[in-house]
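S.K.: Contents of query_34.pdb (PDB, C-alpha atoms and all ligand atoms) are below:
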ATOM      1  CA  MET A   1     -22.637  -3.903  -7.301
ATOM      2  CA  GLY A   2     -21.141  -4.478 -10.769
ATOM      3  CA  LEU A   3     -18.132  -6.670  -9.990
ATOM      4  CA  THR A   4     -16.542  -8.031 -13.128
ATOM      5  CA  PRO A   5     -13.487 -10.171 -13.765
ATOM      6  CA  GLY A   6     -10.948  -7.699 -15.083
ATOM      7  CA  GLY A   7     -13.713  -5.097 -15.249
ATOM      8  CA  LYS A   8     -14.297  -6.144 -18.872
ATOM      9  CA  GLN A   9     -17.363  -8.376 -19.146
ATOM     10  CA  PRO A  10     -20.755  -6.888 -18.230
ATOM     11  CA  PRO A  11     -22.290  -8.432 -15.105
ATOM     12  CA  LEU A  12     -25.178 -10.795 -15.731
ATOM     13  CA  ASP A  13     -28.551  -9.930 -14.245
ATOM     14  CA  GLN A  14     -29.565 -13.290 -12.856
ATOM     15  CA  SER A  15     -27.668 -14.948 -10.023
ATOM     16  CA  ILE A  16     -27.083 -18.714  -9.920
ATOM     17  CA  PRO A  17     -30.009 -20.228  -7.981
ATOM     18  CA  GLY A  18     -28.873 -21.816  -4.720
ATOM     19  CA  PHE A  19     -25.176 -21.211  -5.386
ATOM     20  CA  VAL A  20     -24.690 -19.152  -2.214
ATOM     21  CA  ILE A  21     -25.790 -20.616   1.109
ATOM     22  CA  GLN A  22     -26.082 -18.074   3.900
ATOM     23  CA  ASP A  23     -25.057 -19.836   7.112
ATOM     24  CA  ARG A  24     -27.506 -19.369   9.982
ATOM     25  CA  ALA A  25     -27.237 -20.259  13.689
ATOM     26  CA  ARG A  26     -30.368 -22.415  13.478
ATOM     27  CA  LYS A  27     -28.821 -24.596  10.753
ATOM     28  CA  LYS A  28     -27.124 -27.437  12.624
ATOM     29  CA  LYS A  29     -25.742 -29.796   9.951
ATOM     30  CA  TYR A  30     -24.716 -29.668   6.287
ATOM     31  CA  SER A  31     -24.630 -32.801   4.141
ATOM     32  CA  VAL A  32     -21.836 -33.180   1.574
ATOM     33  CA  ALA A  33     -24.463 -33.078  -1.189
ATOM     34  CA  GLU A  34     -25.873 -29.716  -0.152
ATOM     35  CA  LEU A  35     -22.411 -28.132  -0.051
ATOM     36  CA  THR A  36     -21.084 -29.575  -3.313
ATOM     37  CA  ASN A  37     -20.301 -26.827  -5.833
ATOM     38  CA  LYS A  38     -21.606 -24.191  -3.417
ATOM     39  CA  VAL A  39     -20.196 -21.261  -1.475
ATOM     40  CA  VAL A  40     -21.249 -20.709   2.117
ATOM     41  CA  LEU A  41     -21.426 -17.115   3.297
ATOM     42  CA  GLY A  42     -20.338 -17.475   6.895
ATOM     43  CA  ASP A  43     -17.580 -17.872   9.448
ATOM     44  CA  ALA A  44     -15.497 -20.981   8.735
ATOM     45  CA  LEU A  45     -15.131 -21.669  12.456
ATOM     46  CA  LYS A  46     -18.917 -21.912  12.732
ATOM     47  CA  VAL A  47     -19.591 -23.652   9.405
ATOM     48  CA  LEU A  48     -16.910 -26.378   9.532
ATOM     49  CA  PRO A  49     -18.214 -28.004  12.747
ATOM     50  CA  LYS A  50     -21.566 -28.477  10.985
ATOM     51  CA  MET A  51     -19.992 -30.472   8.139
ATOM     52  CA  GLU A  52     -19.770 -34.253   7.979
ATOM     53  CA  ALA A  53     -16.439 -35.816   8.987
ATOM     54  CA  GLU A  54     -14.126 -37.215   6.283
ATOM     55  CA  SER A  55     -15.827 -35.462   3.354
ATOM     56  CA  PHE A  56     -13.061 -33.822   1.300
ATOM     57  CA  ASP A  57     -10.299 -35.173  -0.954
ATOM     58  CA  MET A  58      -8.180 -32.025  -0.817
ATOM     59  CA  VAL A  59      -8.189 -28.760   1.134
ATOM     60  CA  PHE A  60      -6.592 -25.509   0.033
ATOM     61  CA  VAL A  61      -6.175 -22.808   2.691
ATOM     62  CA  ASP A  62      -4.975 -19.247   2.070
ATOM     63  CA  PRO A  63      -5.542 -17.809   5.541
ATOM     64  CA  PRO A  64      -5.088 -14.240   6.806
ATOM     65  CA  TYR A  65      -1.370 -13.405   6.962
ATOM     66  CA  PHE A  66      -1.447 -11.121  10.034
ATOM     67  CA  LEU A  67       0.906  -8.746   8.215
ATOM     68  CA  GLN A  68       0.759  -6.104  10.960
ATOM     69  CA  LEU A  69       1.291  -3.189   8.577
ATOM     70  CA  GLN A  70      -0.442  -0.826  11.035
ATOM     71  CA  GLY A  71      -1.784   1.396   8.292
ATOM     72  CA  ARG A  72       1.638   2.889   7.528
ATOM     73  CA  LYS A  73       1.608   4.581   4.102
ATOM     74  CA  LEU A  74       4.447   3.713   1.765
ATOM     75  CA  LYS A  75       5.279   5.639  -1.416
ATOM     76  CA  ARG A  76       6.962   4.269  -4.518
ATOM     77  CA  TRP A  77      10.093   6.426  -4.581
ATOM     78  CA  ASN A  78      10.320   6.662  -8.384
ATOM     79  CA  VAL A  79       6.732   7.606  -9.253
ATOM     80  CA  GLN A  80       5.507   8.805  -5.838
ATOM     81  CA  THR A  81       2.334   6.704  -5.925
ATOM     82  CA  ASP A  82       0.971   4.864  -2.897
ATOM     83  CA  VAL A  83       1.932   1.233  -2.331
ATOM     84  CA  GLU A  84      -1.181  -0.835  -1.600
ATOM     85  CA  GLY A  85      -0.477  -3.072   1.390
ATOM     86  CA  VAL A  86      -2.816  -5.627   2.911
ATOM     87  CA  THR A  87      -4.521  -3.563   5.597
ATOM     88  CA  ASP A  88      -7.932  -5.240   5.353
ATOM     89  CA  ASP A  89     -10.031  -5.885   8.460
ATOM     90  CA  TRP A  90      -9.815  -9.630   7.862
ATOM     91  CA  ASP A  91      -6.036  -9.501   8.381
ATOM     92  CA  GLN A  92      -6.231  -7.817  11.810
ATOM     93  CA  PHE A  93      -5.552  -9.764  15.009
ATOM     94  CA  SER A  94      -4.700  -8.310  18.424
ATOM     95  CA  SER A  95      -1.715 -10.594  19.067
ATOM     96  CA  PHE A  96       0.152 -13.679  17.897
ATOM     97  CA  GLU A  97      -1.825 -15.633  20.517
ATOM     98  CA  GLU A  98      -5.121 -14.609  18.945
ATOM     99  CA  TYR A  99      -3.804 -15.411  15.463
ATOM    100  CA  ASP A 100      -2.509 -18.818  16.585
ATOM    101  CA  GLN A 101      -5.838 -19.602  18.172
ATOM    102  CA  PHE A 102      -7.701 -18.786  14.944
ATOM    103  CA  ILE A 103      -5.326 -20.833  12.773
ATOM    104  CA  GLY A 104      -5.207 -23.701  15.292
ATOM    105  CA  ASN A 105      -9.015 -23.938  15.466
ATOM    106  CA  LEU A 106      -9.300 -23.746  11.685
ATOM    107  CA  LEU A 107      -6.691 -26.481  11.106
ATOM    108  CA  THR A 108      -8.255 -28.723  13.758
ATOM    109  CA  GLU A 109     -11.692 -28.496  12.150
ATOM    110  CA  LEU A 110     -10.213 -29.040   8.688
ATOM    111  CA  LYS A 111      -8.461 -32.221   9.822
ATOM    112  CA  ARG A 112     -11.826 -33.610  10.916
ATOM    113  CA  VAL A 113     -13.493 -33.014   7.534
ATOM    114  CA  MET A 114     -10.596 -34.418   5.464
ATOM    115  CA  LYS A 115     -10.942 -37.965   4.113
ATOM    116  CA  PRO A 116      -8.271 -40.354   5.518
ATOM    117  CA  ALA A 117      -6.084 -40.047   2.387
ATOM    118  CA  ALA A 118      -6.813 -36.366   1.743
ATOM    119  CA  THR A 119      -4.065 -33.776   1.553
ATOM    120  CA  ILE A 120      -4.015 -30.134   2.639
ATOM    121  CA  TRP A 121      -2.197 -27.155   1.154
ATOM    122  CA  VAL A 122      -1.637 -24.042   3.272
ATOM    123  CA  ILE A 123      -0.058 -20.954   1.732
ATOM    124  CA  GLY A 124       1.577 -18.044   3.533
ATOM    125  CA  THR A 125       4.435 -15.578   3.655
ATOM    126  CA  TYR A 126       7.329 -15.218   6.097
ATOM    127  CA  HIS A 127       4.900 -13.296   8.339
ATOM    128  CA  ASN A 128       2.820 -16.341   9.194
ATOM    129  CA  ILE A 129       3.983 -19.539   7.516
ATOM    130  CA  PHE A 130       6.400 -20.597  10.271
ATOM    131  CA  ARG A 131       3.689 -20.260  12.922
ATOM    132  CA  VAL A 132       1.238 -22.097  10.663
ATOM    133  CA  GLY A 133       3.734 -24.902   9.990
ATOM    134  CA  GLY A 134       4.443 -25.321  13.723
ATOM    135  CA  LEU A 135       0.742 -25.486  14.507
ATOM    136  CA  MET A 136       0.207 -28.040  11.758
ATOM    137  CA  GLN A 137       2.821 -30.317  13.307
ATOM    138  CA  ASP A 138       1.359 -29.817  16.790
ATOM    139  CA  ILE A 139      -2.094 -30.783  15.513
ATOM    140  CA  GLY A 140      -0.695 -33.963  13.933
ATOM    141  CA  TYR A 141      -0.459 -33.143  10.228
ATOM    142  CA  TRP A 142       2.422 -34.815   8.406
ATOM    143  CA  THR A 143       4.308 -32.529   6.039
ATOM    144  CA  LEU A 144       4.975 -33.969   2.581
ATOM    145  CA  ASN A 145       6.649 -30.939   1.034
ATOM    146  CA  ASP A 146       6.935 -27.235   1.075
ATOM    147  CA  VAL A 147       6.666 -25.634  -2.351
ATOM    148  CA  ILE A 148       8.203 -22.222  -2.869
ATOM    149  CA  TRP A 149       6.287 -19.874  -5.151
ATOM    150  CA  LEU A 150       8.841 -17.533  -6.685
ATOM    151  CA  LYS A 151       7.035 -14.462  -8.036
ATOM    152  CA  THR A 152       8.221 -13.040 -11.336
ATOM    153  CA  ASN A 153       6.635  -9.652 -10.631
ATOM    154  CA  PRO A 154       6.939  -9.099  -6.851
ATOM    155  CA  MET A 155       6.442  -5.759  -5.169
ATOM    156  CA  PRO A 156       9.941  -4.290  -4.712
ATOM    157  CA  ASN A 157      11.156  -3.318  -1.256
ATOM    158  CA  TRP A 158      10.557   0.380  -1.865
ATOM    159  CA  LEU A 159      12.524   1.544   1.178
ATOM    160  CA  GLY A 160      15.569  -0.493   0.180
ATOM    161  CA  VAL A 161      16.078  -1.749   3.724
ATOM    162  CA  ARG A 162      15.505  -5.460   3.135
ATOM    163  CA  PHE A 163      15.564  -8.018   0.343
ATOM    164  CA  THR A 164      12.603  -7.849  -2.007
ATOM    165  CA  ASN A 165      10.252 -10.462  -0.705
ATOM    166  CA  ALA A 166       9.467 -12.474  -3.839
ATOM    167  CA  THR A 167       8.247 -15.772  -2.371
ATOM    168  CA  GLU A 168       5.338 -17.426  -0.687
ATOM    169  CA  THR A 169       5.500 -20.901   0.788
ATOM    170  CA  LEU A 170       2.944 -23.643   0.342
ATOM    171  CA  ILE A 171       2.968 -26.427   2.906
ATOM    172  CA  TRP A 172       1.547 -29.694   1.549
ATOM    173  CA  ALA A 173       0.596 -32.242   4.192
ATOM    174  CA  LEU A 174      -1.307 -35.398   5.107
ATOM    175  CA  LYS A 175      -3.789 -35.421   7.947
ATOM    176  CA  ASP A 176      -1.523 -37.807   9.820
ATOM    177  CA  LYS A 177       1.720 -39.688   9.410
ATOM    178  CA  ASP A 178       0.155 -43.068   8.696
ATOM    179  CA  ALA A 179      -2.314 -41.883   6.044
ATOM    180  CA  LYS A 180      -1.967 -44.088   2.963
ATOM    181  CA  GLY A 181      -2.954 -43.751  -0.697
ATOM    182  CA  TYR A 182      -2.894 -39.992  -1.147
ATOM    183  CA  THR A 183      -3.021 -38.555  -4.670
ATOM    184  CA  PHE A 184       0.222 -37.314  -6.198
ATOM    185  CA  HIS A 185       0.696 -36.902  -9.940
ATOM    186  CA  LYS A 186       4.445 -36.973 -10.235
ATOM    187  CA  ASP A 187       4.415 -36.009 -13.916
ATOM    188  CA  CYS A 188       2.620 -32.772 -13.073
ATOM    189  CA  ALA A 189       5.010 -32.083 -10.208
ATOM    190  CA  LYS A 190       7.937 -32.616 -12.548
ATOM    191  CA  ALA A 191       6.490 -30.423 -15.280
ATOM    192  CA  PHE A 192       5.665 -27.549 -12.920
ATOM    193  CA  GLY A 193       8.829 -27.651 -10.803
ATOM    194  CA  VAL A 194      12.171 -26.142 -11.671
ATOM    195  CA  GLY A 195      14.939 -28.064 -13.447
ATOM    196  CA  LYS A 196      15.177 -31.623 -14.719
ATOM    197  CA  VAL A 197      14.224 -33.055 -11.342
ATOM    198  CA  GLY A 198      11.111 -30.880 -11.067
ATOM    199  CA  ALA A 199      12.250 -29.208  -7.854
ATOM    200  CA  ASN A 200       9.732 -27.801  -5.396
ATOM    201  CA  VAL A 201       9.904 -24.249  -6.778
ATOM    202  CA  TRP A 202       7.131 -22.772  -8.908
ATOM    203  CA  VAL A 203       8.010 -19.655 -10.896
ATOM    204  CA  LEU A 204       4.952 -17.612 -11.835
ATOM    205  CA  PRO A 205       3.550 -14.104 -11.602
ATOM    206  CA  ILE A 206       1.125 -12.698  -9.054
ATOM    207  CA  CYS A 207      -2.456 -12.195 -10.149
ATOM    208  CA  THR A 208      -2.761  -9.175 -12.435
ATOM    209  CA  GLY A 209      -4.683  -7.958 -15.472
ATOM    210  CA  LYS A 210      -7.824  -9.668 -16.734
ATOM    211  CA  GLN A 211      -7.807 -12.317 -14.020
ATOM    212  CA  ARG A 212      -8.214  -9.761 -11.276
ATOM    213  CA  LEU A 213     -11.771  -9.186 -10.037
ATOM    214  CA  LYS A 214     -12.618  -5.466  -9.899
ATOM    215  CA  ASP A 215     -15.167  -3.551  -7.847
ATOM    216  CA  GLU A 216     -17.605  -0.901  -9.069
ATOM    217  CA  ASN A 217     -14.773   1.672  -9.056
ATOM    218  CA  ALA A 218     -12.534  -0.539 -11.191
ATOM    219  CA  GLN A 219     -10.304  -1.140  -8.132
ATOM    220  CA  LYS A 220      -9.106  -4.576  -7.034
ATOM    221  CA  LEU A 221     -11.984  -6.321  -5.273
ATOM    222  CA  HIS A 222      -9.580  -8.309  -3.084
ATOM    223  CA  SER A 223      -6.042  -7.441  -2.059
ATOM    224  CA  THR A 224      -4.671 -10.993  -2.166
ATOM    225  CA  GLN A 225      -6.438 -12.786  -5.032
ATOM    226  CA  LYS A 226      -4.306 -15.770  -6.020
ATOM    227  CA  PRO A 227      -3.354 -16.515  -9.634
ATOM    228  CA  ILE A 228      -5.284 -19.163 -11.549
ATOM    229  CA  GLU A 229      -2.031 -20.881 -12.506
ATOM    230  CA  LEU A 230      -1.075 -21.432  -8.849
ATOM    231  CA  LEU A 231      -4.340 -23.246  -8.150
ATOM    232  CA  ARG A 232      -4.102 -25.128 -11.442
ATOM    233  CA  ARG A 233      -0.779 -26.585 -10.293
ATOM    234  CA  VAL A 234      -2.064 -27.415  -6.809
ATOM    235  CA  ILE A 235      -5.199 -29.119  -8.118
ATOM    236  CA  LEU A 236      -3.608 -31.021 -10.988
ATOM    237  CA  THR A 237      -0.792 -32.326  -8.791
ATOM    238  CA  SER A 238      -2.888 -33.520  -5.862
ATOM    239  CA  THR A 239      -6.411 -34.422  -7.078
ATOM    240  CA  ASN A 240      -8.272 -36.531  -9.636
ATOM    241  CA  GLU A 241     -11.274 -35.609 -11.749
ATOM    242  CA  GLY A 242     -14.442 -35.779  -9.679
ATOM    243  CA  ASP A 243     -12.624 -35.166  -6.370
ATOM    244  CA  LEU A 244     -14.153 -32.757  -3.852
ATOM    245  CA  VAL A 245     -11.953 -29.773  -2.935
ATOM    246  CA  LEU A 246     -12.589 -27.475   0.052
ATOM    247  CA  ASP A 247     -11.471 -23.854   0.514
ATOM    248  CA  PRO A 248     -12.641 -22.525   3.910
ATOM    249  CA  VAL A 249     -11.373 -18.922   3.450
ATOM    250  CA  ALA A 250     -12.178 -18.513  -0.214
ATOM    251  CA  GLY A 251     -11.722 -14.770  -0.904
ATOM    252  CA  THR A 252     -12.557 -14.351  -4.592
ATOM    253  CA  GLY A 253     -13.130 -18.094  -5.062
ATOM    254  CA  THR A 254     -10.060 -18.890  -7.151
ATOM    255  CA  THR A 255      -9.953 -22.440  -5.780
ATOM    256  CA  GLY A 256     -13.531 -23.247  -6.764
ATOM    257  CA  ALA A 257     -13.262 -21.590 -10.172
ATOM    258  CA  VAL A 258     -10.160 -23.608 -11.081
ATOM    259  CA  ALA A 259     -11.548 -26.821  -9.564
ATOM    260  CA  GLN A 260     -14.688 -26.530 -11.671
ATOM    261  CA  ALA A 261     -12.715 -25.766 -14.831
ATOM    262  CA  LEU A 262     -10.635 -28.903 -14.247
ATOM    263  CA  GLY A 263     -13.617 -31.215 -13.662
ATOM    264  CA  ARG A 264     -13.353 -31.329  -9.866
ATOM    265  CA  ASP A 265     -16.123 -30.485  -7.380
ATOM    266  CA  PHE A 266     -15.688 -27.874  -4.672
ATOM    267  CA  SER A 267     -17.110 -26.348  -1.510
ATOM    268  CA  MET A 268     -16.081 -22.883  -0.351
ATOM    269  CA  ILE A 269     -16.657 -20.724   2.718
ATOM    270  CA  GLU A 270     -16.120 -16.947   2.860
ATOM    271  CA  VAL A 271     -17.188 -14.563   5.592
ATOM    272  CA  ASN A 272     -17.266 -11.308   3.610
ATOM    273  CA  PRO A 273     -20.484 -10.740   1.582
ATOM    274  CA  ARG A 274     -18.698  -8.465  -0.881
ATOM    275  CA  TYR A 275     -16.286 -11.234  -1.820
ATOM    276  CA  VAL A 276     -19.092 -13.787  -1.986
ATOM    277  CA  GLU A 277     -20.893 -11.537  -4.447
ATOM    278  CA  GLY A 278     -17.662 -11.399  -6.441
ATOM    279  CA  ILE A 279     -17.437 -15.209  -6.407
ATOM    280  CA  GLU A 280     -20.994 -15.511  -7.643
ATOM    281  CA  GLN A 281     -20.342 -13.181 -10.560
ATOM    282  CA  ARG A 282     -17.088 -14.976 -11.319
ATOM    283  CA  PHE A 283     -19.024 -18.231 -11.671
ATOM    284  CA  GLU A 284     -21.677 -16.642 -13.853
ATOM    285  CA  HIS A 285     -18.915 -15.865 -16.336
ATOM    286  CA  GLY A 286     -17.249 -19.256 -15.905
ATOM    287  CA  LEU A 287     -13.650 -20.206 -16.583
ATOM    288  CA  SER A 288     -12.386 -22.622 -19.158
ATOM    289  CA  LEU A 289      -8.813 -23.660 -18.606
ATOM    290  CA  THR A 290      -8.621 -25.684 -21.757
ATOM    291  CA  THR A 291      -9.877 -23.109 -24.284
ATOM    292  CA  GLU A 292      -9.760 -19.626 -22.769
ATOM    293  CA  TYR A 293      -6.769 -19.870 -20.536
ATOM    294  CA  SER A 294      -3.276 -21.005 -21.258
ATOM    295  CA  PRO A 295      -0.480 -20.917 -18.682
ATOM    296  CA  ASP A 296       1.223 -17.608 -18.528
ATOM    297  CA  GLU A 297       3.934 -17.103 -21.137
ATOM    298  CA  GLU A 298       5.930 -14.892 -18.837
ATOM    299  CA  ALA A 299       5.939 -17.641 -16.206
ATOM    300  CA  ASP A 300       7.163 -20.154 -18.748
ATOM    301  CA  ALA A 301       9.951 -17.855 -19.934
ATOM    302  CA  LYS A 302      11.078 -17.124 -16.366
ATOM    303  CA  GLN A 303      11.025 -20.803 -15.533
ATOM    304  CA  ARG A 304      13.311 -21.486 -18.503
ATOM    305  CA  GLU A 305      15.660 -18.723 -17.289
ATOM    306  CA  VAL A 306      15.853 -20.242 -13.815
ATOM    307  CA  GLN A 307      16.509 -23.665 -15.299
ATOM    308  CA  GLN A 308      19.417 -22.269 -17.272
ATOM    309  CA  LEU A 309      21.016 -21.078 -14.034
ATOM    310  CA  LYS A 310      21.498 -24.636 -12.882
TER     311      LYS A 310
HETATM  312  C1  LIG A 401      -5.818 -14.443   1.923
HETATM  313  S1  LIG A 401      -7.525 -14.249   1.598
HETATM  314  C2  LIG A 401      -7.930 -15.558   0.467
HETATM  315  C3  LIG A 401      -7.751 -15.147  -0.984
HETATM  316  C4  LIG A 401      -8.174 -16.231  -1.958
HETATM  317  N1  LIG A 401      -7.271 -17.374  -1.950
HETATM  318  C5  LIG A 401      -8.310 -15.701  -3.390
HETATM  319  O1  LIG A 401      -7.669 -16.229  -4.331
HETATM  320  O2  LIG A 401      -9.043 -14.739  -3.567
HETATM  321  C6  LIG A 401      -8.221 -14.765   3.106
HETATM  322  C7  LIG A 401      -9.742 -14.671   3.144
HETATM  323  O3  LIG A 401     -10.198 -15.240   4.384
HETATM  324  C8  LIG A 401     -11.434 -14.660   4.683
HETATM  325  N2  LIG A 401     -11.719 -14.981   6.092
HETATM  326  C9  LIG A 401     -11.076 -14.505   7.173
HETATM  327  N3  LIG A 401     -11.597 -15.051   8.287
HETATM  328  C10 LIG A 401     -12.575 -15.901   7.890
HETATM  329  C11 LIG A 401     -13.472 -16.763   8.580
HETATM  330  N4  LIG A 401     -13.471 -16.840   9.902
HETATM  331  N5  LIG A 401     -14.331 -17.507   7.855
HETATM  332  C12 LIG A 401     -14.347 -17.425   6.498
HETATM  333  N6  LIG A 401     -13.539 -16.610   5.792
HETATM  334  C13 LIG A 401     -12.652 -15.858   6.475
HETATM  335  C14 LIG A 401     -11.186 -13.182   4.386
HETATM  336  O4  LIG A 401     -12.399 -12.471   4.221
HETATM  337  C15 LIG A 401     -10.333 -13.260   3.119
HETATM  338  O5  LIG A 401     -11.115 -13.106   1.971
END
Would you mind giving the structure from this file in structure tokens?

M.R.:
Amino acid sequence: MGLTPGGKQPPLDQSIPGFVIQDRARKKKYSVAELTNKVVLGDALKVLPKMEAESFDMVFVDPPYFLQLQGRKLKRWNVQTDVEGVTDDWDQFSSFEEYDQFIGNLLTELKRVMKPAATIWVIGTYHNIFRVGGLMQDIGYWTLNDVIWLKTNPMPNWLGVRFTNATETLIWALKDKDAKGYTFHKDCAKAFGVGKVGANVWVLPICTGKQRLKDENAQKLHSTQKPIELLRRVILTSTNEGDLVLDPVAGTGTTGAVAQALGRDFSMIEVNPRYVEGIEQRFEHGLSLTTEYSPDEEADAKQREVQQLK
């Protein structure tokens, strides 16, 4: 299909042997070993129940938002080009009840596969994060923090009828209130957060440019690919080298790519074969956070600006 990160590097011919596991109904159980550093092509709600309990040190979840854009076309008023919203099939649900059921089932299964001291991160926008947070509390998760991601390059509110929505919220939680010994690197939290106290606000841009996976028509492969820097902060703050990180709705596989680059192991699940193909090609090219990637300069500059406001 010719998917390339940033559309720059040529795709490699050979795929990584055994990297993608196609889930099948007849497969009843997965061991931790067979899922380590692999991506499962399948439905998370069917794959998770086949996994061993208490397997993962950290879980990152970037679930459908249920944006309910209803296919309405928006134009940028200054240049008259179309605004690309998230209208993908994977974001469609018939009602809040159906959405809540999906998220509730997902979070319940995730709790089972988390180690006792594991933590979970769930990211969302104002469209879904309050529902998600409520469900997390109902299911028994214990919230440690919310972290606000302030975007330096958000999509403006083209109609001028509301504030520009420039934030996403990450909920960081334990699997239950009494869980002890979770991993928290306070120096990382302080370095990434805003101001001298390292407040729970991360200032960084959305995923653009070379990071973005492209399809054969040089269009974005995925509408909501998350920036490498966001996952770098999540993983460095809440895991140790050698830990096993799970992403059950992996999209373009940002979580696994960053985990691998930082010396962590990963397991990912994604239901869409197109995205799984994109993940595979992303891993063929590899990612080195120490040599090829340095945190975004724009993000650093913006963070300094915000700090000066205090
Ligand atoms: C918000 S996107 C994740 C984007 C990802 N964090 C990235 O950086 O590319 C949500 C993903 O969930 C996937 N998805 C939705 N329902 C799923 C399910 N039942 N099982 C597995 N994946 C699912 C969608 O195909 C979509 O790629």

S.K.: Please enumerate the residues selected by the PyMOL selection byres (((not hetatm)) within 9 of (chain A and resi 401)) when evaluated against the supplied file, formatted as a count of residues only.

M.R.: 50

S.K.: For atom CA of A:Thr183 and atom CA of A:Glu241, determine how far apart the two atoms are, in Å to one decimal place.

M.R.: 11.3 Å

S.K.: Taking only C-alpha atoms into account, name the residue in A:Arg274, A:Phe93, A:Asn200, A:Glu168 that is nearest to A:Pro154.

M.R.: A:Glu168

S.K.: Check what the PyMOL selection byres (((chain A and resi 282) around 9) and not hetatm) selects in the file above and give those residues as a list in words.

M.R.: Leu3, Thr4, Pro5, Leu213, Thr252, Gly253, Ala257, Glu277, Gly278, Ile279, Glu280, Gln281, Phe283, Glu284, His285, Gly286 and Leu287 of chain A

S.K.: Excluding A:Asp178 and residues on its chain fewer than 4 positions from it, collect all residues at most 12 Å away from it, counting only C-alpha atoms, and give them as a PyMOL selection string.

M.R.: chain A and resi 116-118+140-144+173-174+182

S.K.: Those selected residues, please, written with C-alpha atoms and delivered as a short mmCIF file (atom, residue, chain, number, x, y, z; two decimals), in the coordinates of the input.

M.R.:
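Written out: part_7.cif:
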data_model
loop_
_atom_site.label_atom_id
_atom_site.label_comp_id
_atom_site.auth_asym_id
_atom_site.auth_seq_id
_atom_site.Cartn_x
_atom_site.Cartn_y
_atom_site.Cartn_z
CA PRO A 116 -8.27 -40.35 5.52
CA ALA A 117 -6.08 -40.05 2.39
CA ALA A 118 -6.81 -36.37 1.74
CA GLY A 140 -0.70 -33.96 13.93
CA TYR A 141 -0.46 -33.14 10.23
CA TRP A 142 2.42 -34.82 8.41
CA THR A 143 4.31 -32.53 6.04
CA LEU A 144 4.97 -33.97 2.58
CA ALA A 173 0.60 -32.24 4.19
CA LEU A 174 -1.31 -35.40 5.11
CA TYR A 182 -2.89 -39.99 -1.15
#

S.K.: Which of these, A:Glu98, A:Asp215, A:Asp187, A:Asp176, has the shortest distance to A:Ile120 once you count all atoms listed in the file?

M.R.: A:Asp176

S.K.: Nearest to A:Lys190 among A:His127, A:Arg233, A:Lys28, A:Lys38, with distances taken over only C-alpha atoms: which residue is it?

M.R.: A:Arg233

S.K.: Expand the PyMOL selection byres (((chain A and resi 114) around 6) and not hetatm) into the individual residues it matches in the shown file, reporting them as a short mmCIF file (atom, residue, chain, number, x, y, z; two decimals) with C-alpha atoms, in the frame of the given file.

M.R.:
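What landed in expr12.cif:
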data_model
loop_
_atom_site.label_atom_id
_atom_site.label_comp_id
_atom_site.auth_asym_id
_atom_site.auth_seq_id
_atom_site.Cartn_x
_atom_site.Cartn_y
_atom_site.Cartn_z
CA GLU A 54 -14.13 -37.22 6.28
CA SER A 55 -15.83 -35.46 3.35
CA PHE A 56 -13.06 -33.82 1.30
CA LYS A 111 -8.46 -32.22 9.82
CA ARG A 112 -11.83 -33.61 10.92
CA VAL A 113 -13.49 -33.01 7.53
CA LYS A 115 -10.94 -37.97 4.11
CA ALA A 118 -6.81 -36.37 1.74
#

S.K.: Hey, which of A:Gly256, A:Asp100, A:Gln68, A:Lys186 ends up closest to A:Gly134? Count only C-alpha atoms.

M.R.: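 For A:Gly134, the nearest of the candidates is A:Asp100.
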
S.K.: Name the closest residue to A:Glu97 among the candidates A:Phe163, A:Phe66, A:Trp158, A:Trp121; distances are taken between atoms, counting only C-alpha atoms.

M.R.: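 Of the candidates, the smallest distance to A:Glu97 is held by A:Phe66.
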
S.K.: Quick one: pull the distance between atom CA of A:Leu135 and atom CA of A:Ile103, Å, one decimal.

M.R.: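 Computed distance, atom CA of A:Leu135 to atom CA of A:Ile103, equals 7.8 Å.
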
S.K.: In Å, how far is it from atom CA of A:Thr239 to atom CA of A:His185?

M.R.: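 Atom-to-atom, atom CA of A:Thr239 to atom CA of A:His185, that is 8.1 Å.
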
S.K.: Extending 3 Å beyond the listed atoms of stretch 228-234 of chain A on each side, what axis-aligned box results? I want centre and edge lengths in Å to one decimal, as lines of an AutoDock Vina configuration file.

M.R.:
center_x = -3.0
center_y = -23.3
center_z = -9.7
size_x = 10.5
size_y = 14.3
size_z = 11.7

S.K.: So which one's closest to A:Phe192, A:Ala218, A:Met155, A:Ala179, A:Leu230? Using all atoms listed in the file, please.

M.R.: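 Nearest to A:Phe192: A:Leu230.
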